[in-house]
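Asker: Just passing along the structure, written as structure tokens.
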Amino acid sequence: MSCYHRGNIVLKKDLLSLLDLQKDDYEQLFKRAIQLKERYAKGIMDRILMGKTLGLIFDKKSTRTRVAFETAMIQLGGHPIYMSTQDTQISRNEPAKDTARVLSRYIDCLAMRTFDHALVKEFAQSASIPVINALTDAFHPCQILSDIMTIVEKKGGYKNVKIAWVGDGNNVANSWINAAAVLGLQLSVACPDGYEIKQDILDNAFETTGKKDVILTNDPKDAVKDADVVYTDVWASMGDEDELSHRIKAFQGFQINKDLLSHAKTDVMVMHCLPAHRDEEISEQVLEDKNSVFWDQAENKRHMHKAILEALILKEK
Ligand code: CP
Ligand code: NVA
């Protein structure tokens, strides 16, 4: 987790990008999320966040992330407060630094979903409580944490698992790059010409960790060759919708369908953060496969969010 210090004292931790975590932090989060999931399944109620409050400020739509954070907080004995930006004074131009300082006097943690990543950073710098990035145009760290948790559950770990990203070089892809850099994942990324991962994202990830194992290509067949996991996401993210018709042309050949998957391992696991656009980035047939893990992925967000909330709210040392 990234930490804010005054002298030698750690004031608080935030989760803004997956470069904020050390390898040990990832391992602890996977272990704890799986443990909390098992305990919940047995009916054990871990009320470890009793009396704590999570604020959620969302500028963009959400089904999974919002509900997973809210239910995670409730099941841990705490309370979520959802605030759409339109209903707060932010929409009347109250500065982020003022809102962040005020909310820090009421709540114990803030999850934010917005467009500009710089805004989440600004909140984190001014808040005295932990701030979680619940998706920005740049990153979606909580998503990839729960997705790797799903890989750990289904494949017994993430080492020696060949992961292929096929699609847009977007916020979710950027978070895969960050995770790959810290964990040393075997990651191949195929994006159409003009939609690749930005150079600054790659430089930042690999400068931080010193590793450079990721394969980058414009050919989806190259990326999925012998893959254990194939991952995709929408071709036009929130904010890019007006480019969709142009993107549909540019992304031809990048749909995850049975033909493309024939190049992967026979037991390939297909993943998608959802929401999915049927017969655009993924075929209806693949999406509706009875052995698919998409719904487990979605469920695991709740368990992973619990582990993140616990780590940030209770372990501020
Ligand atoms: N995967 C994901 O973040 O979904 P939502 O946009 O519904 O939160
Ligand atoms: N890349 C997508 C992810 C949605 C969960 C978007 O930003 O819209």
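Lettering and numbering for the structure tokens are positional, with chains as A, B, ... in the shown order, residues counted from 1 in each chain, and ligands counted from 1 in the shown order.
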Name the residues of stretch 155-292 of chain A that come out as alpha helix (DSSP H) in a backbone DSSP run; write them as an NGL selection string.

Answerer: :A and (155 or 171-183 or 199-209 or 220-224 or 244-250 or 258-261 or 284-287)

Asker: Compute the set of protein, DNA and RNA residues whose minimum atom distance to ligand 1 is at most 7 Å, using only C-alpha atoms and all ligand atoms, and state it as a compact mmCIF listing (two decimals) with N, CA and C atoms, in the first residue's frame.

Answerer:
# COMPACT_ATOMS: atom_id res chain seq x y z
N LYS A 61 -20.75 5.24 -13.62
CA LYS A 61 -21.68 4.16 -13.27
C LYS A 61 -20.93 2.97 -12.68
N SER A 62 -21.64 2.19 -11.88
CA SER A 62 -21.07 0.95 -11.34
C SER A 62 -22.18 0.05 -10.85
N THR A 63 -22.06 -1.23 -11.12
CA THR A 63 -22.93 -2.23 -10.48
C THR A 63 -22.08 -3.04 -9.50
N ARG A 64 -21.08 -3.74 -10.03
CA ARG A 64 -20.28 -4.66 -9.21
C ARG A 64 -19.47 -3.97 -8.12
N THR A 65 -18.67 -2.98 -8.51
CA THR A 65 -17.71 -2.41 -7.54
C THR A 65 -18.45 -1.74 -6.40
N ARG A 66 -19.48 -0.98 -6.76
CA ARG A 66 -20.25 -0.30 -5.71
C ARG A 66 -20.91 -1.30 -4.76
N GLN A 143 -10.10 -4.43 -9.14
CA GLN A 143 -10.56 -5.45 -10.08
C GLN A 143 -9.50 -6.53 -10.29
N CYS A 273 -13.93 -8.51 -16.84
CA CYS A 273 -14.28 -7.79 -15.61
C CYS A 273 -15.78 -7.48 -15.55
N LEU A 274 -16.44 -7.48 -16.73
CA LEU A 274 -17.86 -7.14 -16.86
C LEU A 274 -18.06 -5.65 -16.54
N PRO A 275 -19.04 -4.96 -17.09
CA PRO A 275 -20.07 -5.50 -17.97
C PRO A 275 -19.52 -5.85 -19.35

Asker: Neighbours of ligand 2 within 9 Å, counting only C-alpha atoms and all ligand atoms, as a ChimeraX atom specification?

Answerer: /A:60-65,115,135-140,143,168,170-173,233-241,273-276

Asker: Go ahead and save the picked residues with C-alpha atoms, as a CSV table (one decimal), in the first residue's frame.

Answerer:
chain,number,residue,atom,x,y,z
A,60,LYS,CA,-19.1,7.0,-13.2
A,61,LYS,CA,-21.7,4.2,-13.3
A,62,SER,CA,-21.1,0.9,-11.3
A,63,THR,CA,-22.9,-2.2,-10.5
A,64,ARG,CA,-20.3,-4.7,-9.2
A,65,THR,CA,-17.7,-2.4,-7.5
A,115,PHE,CA,-12.4,9.9,-14.7
A,135,LEU,CA,-11.7,2.9,-11.1
A,136,THR,CA,-10.3,5.8,-12.9
A,137,ASP,CA,-9.5,6.3,-16.6
A,138,ALA,CA,-6.0,5.1,-15.7
A,139,PHE,CA,-6.4,2.1,-13.4
A,140,HIS,CA,-8.8,-0.4,-11.8
A,143,GLN,CA,-10.6,-5.5,-10.1
A,168,ASP,CA,-8.1,-2.1,-25.5
A,170,ASN,CA,-7.3,0.6,-21.1
A,171,ASN,CA,-7.5,1.1,-17.3
A,172,VAL,CA,-8.0,-2.6,-16.6
A,173,ALA,CA,-5.1,-3.5,-18.9
A,233,ASP,CA,-12.8,-6.0,-21.5
A,234,VAL,CA,-15.1,-3.6,-23.5
A,235,TRP,CA,-13.7,-1.9,-26.6
A,236,ALA,CA,-15.0,1.5,-25.4
A,237,SER,CA,-14.7,2.2,-21.7
A,238,MET,CA,-16.8,4.7,-19.8
A,239,GLY,CA,-16.0,8.1,-21.3
A,240,ASP,CA,-15.0,6.6,-24.7
A,241,GLU,CA,-18.6,5.6,-25.8
A,273,CYS,CA,-14.3,-7.8,-15.6
A,274,LEU,CA,-17.9,-7.1,-16.9
A,275,PRO,CA,-20.1,-5.5,-18.0
A,276,ALA,CA,-19.7,-7.4,-21.3

Asker: Tell me which of A:Met83, A:Ile129, A:Ile177, A:Ile313 sits closest to A:Gln199, counting only C-alpha atoms.

Answerer: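 Between A:Met83, A:Ile129, A:Ile177, A:Ile313, the residue approaching A:Gln199 most closely is A:Ile177.
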
Asker: Under the rule that only C-alpha atoms are counted, which of A:Ile197, A:Ala164, A:Leu314, A:Val293 is the nearest residue to A:Ala264?

Answerer: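 Selected residue with least distance to A:Ala264: A:Ala164.
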
Asker: Give me the residues near A:Leu29 as a PDB file with N, CA, C and O atoms, in the first residue's frame, where near means some atom within 9 Å (using only C-alpha atoms) and where sequence neighbours in that chain fewer than 3 positions away do not count.

Answerer:
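Saved as out_27.pdb:
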ATOM      1  N   ASP A  24       4.433  -9.021  -1.094  1.00  0.00           N
ATOM      2  CA  ASP A  24       3.872  -9.581   0.149  1.00  0.00           C
ATOM      3  C   ASP A  24       2.454  -9.081   0.412  1.00  0.00           C
ATOM      4  O   ASP A  24       1.618  -9.811   0.947  1.00  0.00           O
ATOM      5  N   ASP A  25       2.201  -7.813   0.079  1.00  0.00           N
ATOM      6  CA  ASP A  25       0.845  -7.262   0.267  1.00  0.00           C
ATOM      7  C   ASP A  25      -0.169  -8.035  -0.587  1.00  0.00           C
ATOM      8  O   ASP A  25      -1.264  -8.372  -0.132  1.00  0.00           O
ATOM      9  N   TYR A  26       0.233  -8.303  -1.845  1.00  0.00           N
ATOM     10  CA  TYR A  26      -0.661  -9.078  -2.735  1.00  0.00           C
ATOM     11  C   TYR A  26      -0.945 -10.445  -2.109  1.00  0.00           C
ATOM     12  O   TYR A  26      -2.097 -10.873  -2.030  1.00  0.00           O
ATOM     13  N   ARG A  32      -6.061 -13.683   2.596  1.00  0.00           N
ATOM     14  CA  ARG A  32      -7.115 -13.205   3.501  1.00  0.00           C
ATOM     15  C   ARG A  32      -8.483 -13.191   2.806  1.00  0.00           C
ATOM     16  O   ARG A  32      -9.495 -13.563   3.401  1.00  0.00           O
ATOM     17  N   ALA A  33      -8.516 -12.785   1.533  1.00  0.00           N
ATOM     18  CA  ALA A  33      -9.795 -12.748   0.812  1.00  0.00           C
ATOM     19  C   ALA A  33     -10.371 -14.158   0.686  1.00  0.00           C
ATOM     20  O   ALA A  33     -11.571 -14.373   0.879  1.00  0.00           O
ATOM     21  N   ILE A  34      -9.499 -15.127   0.397  1.00  0.00           N
ATOM     22  CA  ILE A  34      -9.971 -16.523   0.269  1.00  0.00           C
ATOM     23  C   ILE A  34     -10.454 -17.031   1.629  1.00  0.00           C
ATOM     24  O   ILE A  34     -11.488 -17.692   1.737  1.00  0.00           O
ATOM     25  N   LEU A 145      -6.951  -7.273  -8.406  1.00  0.00           N
ATOM     26  CA  LEU A 145      -6.687  -8.052  -7.189  1.00  0.00           C
ATOM     27  C   LEU A 145      -7.689  -9.196  -7.072  1.00  0.00           C
ATOM     28  O   LEU A 145      -7.308 -10.339  -6.792  1.00  0.00           O
ATOM     29  N   MET A 149      -7.037 -13.252  -7.473  1.00  0.00           N
ATOM     30  CA  MET A 149      -7.585 -14.163  -6.451  1.00  0.00           C
ATOM     31  C   MET A 149      -8.336 -15.312  -7.135  1.00  0.00           C
ATOM     32  O   MET A 149      -8.209 -16.482  -6.753  1.00  0.00           O
ATOM     33  N   MET A 304     -12.602  -9.806  -1.938  1.00  0.00           N
ATOM     34  CA  MET A 304     -11.347  -9.045  -2.004  1.00  0.00           C
ATOM     35  C   MET A 304     -11.515  -7.649  -1.404  1.00  0.00           C
ATOM     36  O   MET A 304     -10.637  -7.143  -0.714  1.00  0.00           O
ATOM     37  N   ALA A 307     -11.013  -7.799   2.235  1.00  0.00           N
ATOM     38  CA  ALA A 307      -9.600  -7.895   2.635  1.00  0.00           C
ATOM     39  C   ALA A 307      -8.912  -6.530   2.494  1.00  0.00           C
ATOM     40  O   ALA A 307      -8.100  -6.150   3.348  1.00  0.00           O
ATOM     41  N   ILE A 308      -9.255  -5.798   1.452  1.00  0.00           N
ATOM     42  CA  ILE A 308      -8.649  -4.469   1.237  1.00  0.00           C
ATOM     43  C   ILE A 308      -9.093  -3.512   2.350  1.00  0.00           C
ATOM     44  O   ILE A 308      -8.281  -2.790   2.936  1.00  0.00           O
ATOM     45  N   ALA A 311      -7.355  -4.315   5.569  1.00  0.00           N
ATOM     46  CA  ALA A 311      -5.930  -3.945   5.534  1.00  0.00           C
ATOM     47  C   ALA A 311      -5.748  -2.437   5.672  1.00  0.00           C
ATOM     48  O   ALA A 311      -4.828  -1.977   6.349  1.00  0.00           O
TER      49      ALA A 311
END

Asker: Do a neighbour search on A:Trp165 at 12 Å with only C-alpha atoms, toss out local chain neighbours closer than 6 positions, and write the hits as an MDAnalysis selection string.

Answerer: chainID A and resid 172:177 180 186:192 196:197 214:225 227:234 254:256 270:273 281

Asker: Find the residue from A:Ala100, A:Phe58, A:Asp226, A:Ser292 that sits nearest to A:Asp87; use only C-alpha atoms when measuring.

Answerer: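 Nearest candidate to A:Asp87 out of A:Ala100, A:Phe58, A:Asp226, A:Ser292: A:Phe58.
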
Asker: I'd like the contact shell of stretch 117-128 of chain A - 10 Å cut-off, only C-alpha atoms, skipping same-chain residues fewer than 3 positions apart - returned as a ChimeraX atom specification.

Answerer: /A:4,11-17,95-105,108-114,131-139

Asker: Using Å and a single decimal, report how far atom CA of A:Lys159 sits from atom CA of A:Gly184.

Answerer: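 Atom CA of A:Lys159 lies at a distance of 8.2 Å from atom CA of A:Gly184.
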
Asker: Among stretch 252-309 of chain A, which residues does DSSP mark as strand (DSSP E or B) when it is run on the backbone? Keep the chain and numbering as in the structure and answer as a ChimeraX atom specification.

Answerer: /A:256,269-272,278,282

Asker: Dump all heavy atoms for the selected residues as a PDB file, in the first residue's frame?

Answerer:
ATOM      1  N   ILE A 256     -13.034 -12.347 -28.463  1.00  0.00           N
ATOM      2  CA  ILE A 256     -12.765 -13.646 -27.833  1.00  0.00           C
ATOM      3  C   ILE A 256     -13.891 -14.587 -28.246  1.00  0.00           C
ATOM      4  O   ILE A 256     -15.041 -14.419 -27.825  1.00  0.00           O
ATOM      5  CB  ILE A 256     -12.730 -13.525 -26.289  1.00  0.00           C
ATOM      6  CG1 ILE A 256     -11.734 -12.454 -25.834  1.00  0.00           C
ATOM      7  CG2 ILE A 256     -12.405 -14.876 -25.660  1.00  0.00           C
ATOM      8  CD1 ILE A 256     -10.322 -12.663 -26.278  1.00  0.00           C
ATOM      9  N   MET A 269      -8.980 -20.595 -19.379  1.00  0.00           N
ATOM     10  CA  MET A 269     -10.023 -19.943 -18.568  1.00  0.00           C
ATOM     11  C   MET A 269     -10.197 -18.524 -19.118  1.00  0.00           C
ATOM     12  O   MET A 269      -9.229 -17.764 -19.171  1.00  0.00           O
ATOM     13  CB  MET A 269      -9.557 -19.913 -17.114  1.00  0.00           C
ATOM     14  CG  MET A 269     -10.559 -19.366 -16.146  1.00  0.00           C
ATOM     15  SD  MET A 269     -10.028 -19.730 -14.447  1.00  0.00           S
ATOM     16  CE  MET A 269      -9.122 -18.259 -14.046  1.00  0.00           C
ATOM     17  N   VAL A 270     -11.413 -18.200 -19.537  1.00  0.00           N
ATOM     18  CA  VAL A 270     -11.666 -16.871 -20.092  1.00  0.00           C
ATOM     19  C   VAL A 270     -12.194 -15.970 -18.972  1.00  0.00           C
ATOM     20  O   VAL A 270     -13.055 -16.388 -18.190  1.00  0.00           O
ATOM     21  CB  VAL A 270     -12.686 -16.932 -21.254  1.00  0.00           C
ATOM     22  CG1 VAL A 270     -12.904 -15.548 -21.849  1.00  0.00           C
ATOM     23  CG2 VAL A 270     -12.200 -17.896 -22.329  1.00  0.00           C
ATOM     24  N   MET A 271     -11.656 -14.753 -18.916  1.00  0.00           N
ATOM     25  CA  MET A 271     -12.070 -13.819 -17.862  1.00  0.00           C
ATOM     26  C   MET A 271     -12.481 -12.483 -18.480  1.00  0.00           C
ATOM     27  O   MET A 271     -11.998 -12.092 -19.542  1.00  0.00           O
ATOM     28  CB  MET A 271     -10.935 -13.606 -16.856  1.00  0.00           C
ATOM     29  CG  MET A 271     -10.474 -14.891 -16.194  1.00  0.00           C
ATOM     30  SD  MET A 271      -9.176 -14.637 -14.951  1.00  0.00           S
ATOM     31  CE  MET A 271     -10.142 -14.123 -13.529  1.00  0.00           C
ATOM     32  N   HIS A 272     -13.371 -11.802 -17.790  1.00  0.00           N
ATOM     33  CA  HIS A 272     -13.871 -10.491 -18.235  1.00  0.00           C
ATOM     34  C   HIS A 272     -14.312  -9.768 -16.971  1.00  0.00           C
ATOM     35  O   HIS A 272     -15.006 -10.336 -16.134  1.00  0.00           O
ATOM     36  CB  HIS A 272     -15.059 -10.704 -19.184  1.00  0.00           C
ATOM     37  CG  HIS A 272     -15.492  -9.477 -19.935  1.00  0.00           C
ATOM     38  ND1 HIS A 272     -15.737  -8.264 -19.334  1.00  0.00           N
ATOM     39  CD2 HIS A 272     -15.743  -9.288 -21.259  1.00  0.00           C
ATOM     40  CE1 HIS A 272     -16.109  -7.384 -20.252  1.00  0.00           C
ATOM     41  NE2 HIS A 272     -16.116  -7.975 -21.431  1.00  0.00           N
ATOM     42  N   ARG A 278     -21.990  -8.377 -25.584  1.00  0.00           N
ATOM     43  CA  ARG A 278     -22.071  -9.648 -26.318  1.00  0.00           C
ATOM     44  C   ARG A 278     -21.833  -9.456 -27.806  1.00  0.00           C
ATOM     45  O   ARG A 278     -22.374  -8.542 -28.414  1.00  0.00           O
ATOM     46  CB  ARG A 278     -23.450 -10.268 -26.116  1.00  0.00           C
ATOM     47  CG  ARG A 278     -23.621 -10.907 -24.774  1.00  0.00           C
ATOM     48  CD  ARG A 278     -25.061 -11.277 -24.515  1.00  0.00           C
ATOM     49  NE  ARG A 278     -25.165 -12.259 -23.447  1.00  0.00           N
ATOM     50  CZ  ARG A 278     -24.998 -11.984 -22.154  1.00  0.00           C
ATOM     51  NH1 ARG A 278     -24.685 -10.746 -21.767  1.00  0.00           N
ATOM     52  NH2 ARG A 278     -25.123 -12.942 -21.256  1.00  0.00           N
ATOM     53  N   ILE A 282     -16.540 -10.146 -26.934  1.00  0.00           N
ATOM     54  CA  ILE A 282     -16.635 -11.566 -26.557  1.00  0.00           C
ATOM     55  C   ILE A 282     -17.892 -12.153 -27.189  1.00  0.00           C
ATOM     56  O   ILE A 282     -18.938 -11.481 -27.232  1.00  0.00           O
ATOM     57  CB  ILE A 282     -16.638 -11.718 -25.013  1.00  0.00           C
ATOM     58  CG1 ILE A 282     -16.498 -13.171 -24.599  1.00  0.00           C
ATOM     59  CG2 ILE A 282     -17.849 -11.066 -24.371  1.00  0.00           C
ATOM     60  CD1 ILE A 282     -16.093 -13.354 -23.133  1.00  0.00           C
TER      61      ILE A 282
END

Asker: Tell me, in Å to one decimal, how far atom CA of A:Trp295 is from atom CA of A:Tyr158.

Answerer: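 Straight-line distance from atom CA of A:Trp295 to atom CA of A:Tyr158 works out to 19.5 Å.
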
Asker: When you draw a straight line from atom CA of A:Phe294 to atom CA of A:Ile151, how long is it in Å?

Answerer: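 Atom CA of A:Ile151 lies 11.6 Å from atom CA of A:Phe294.
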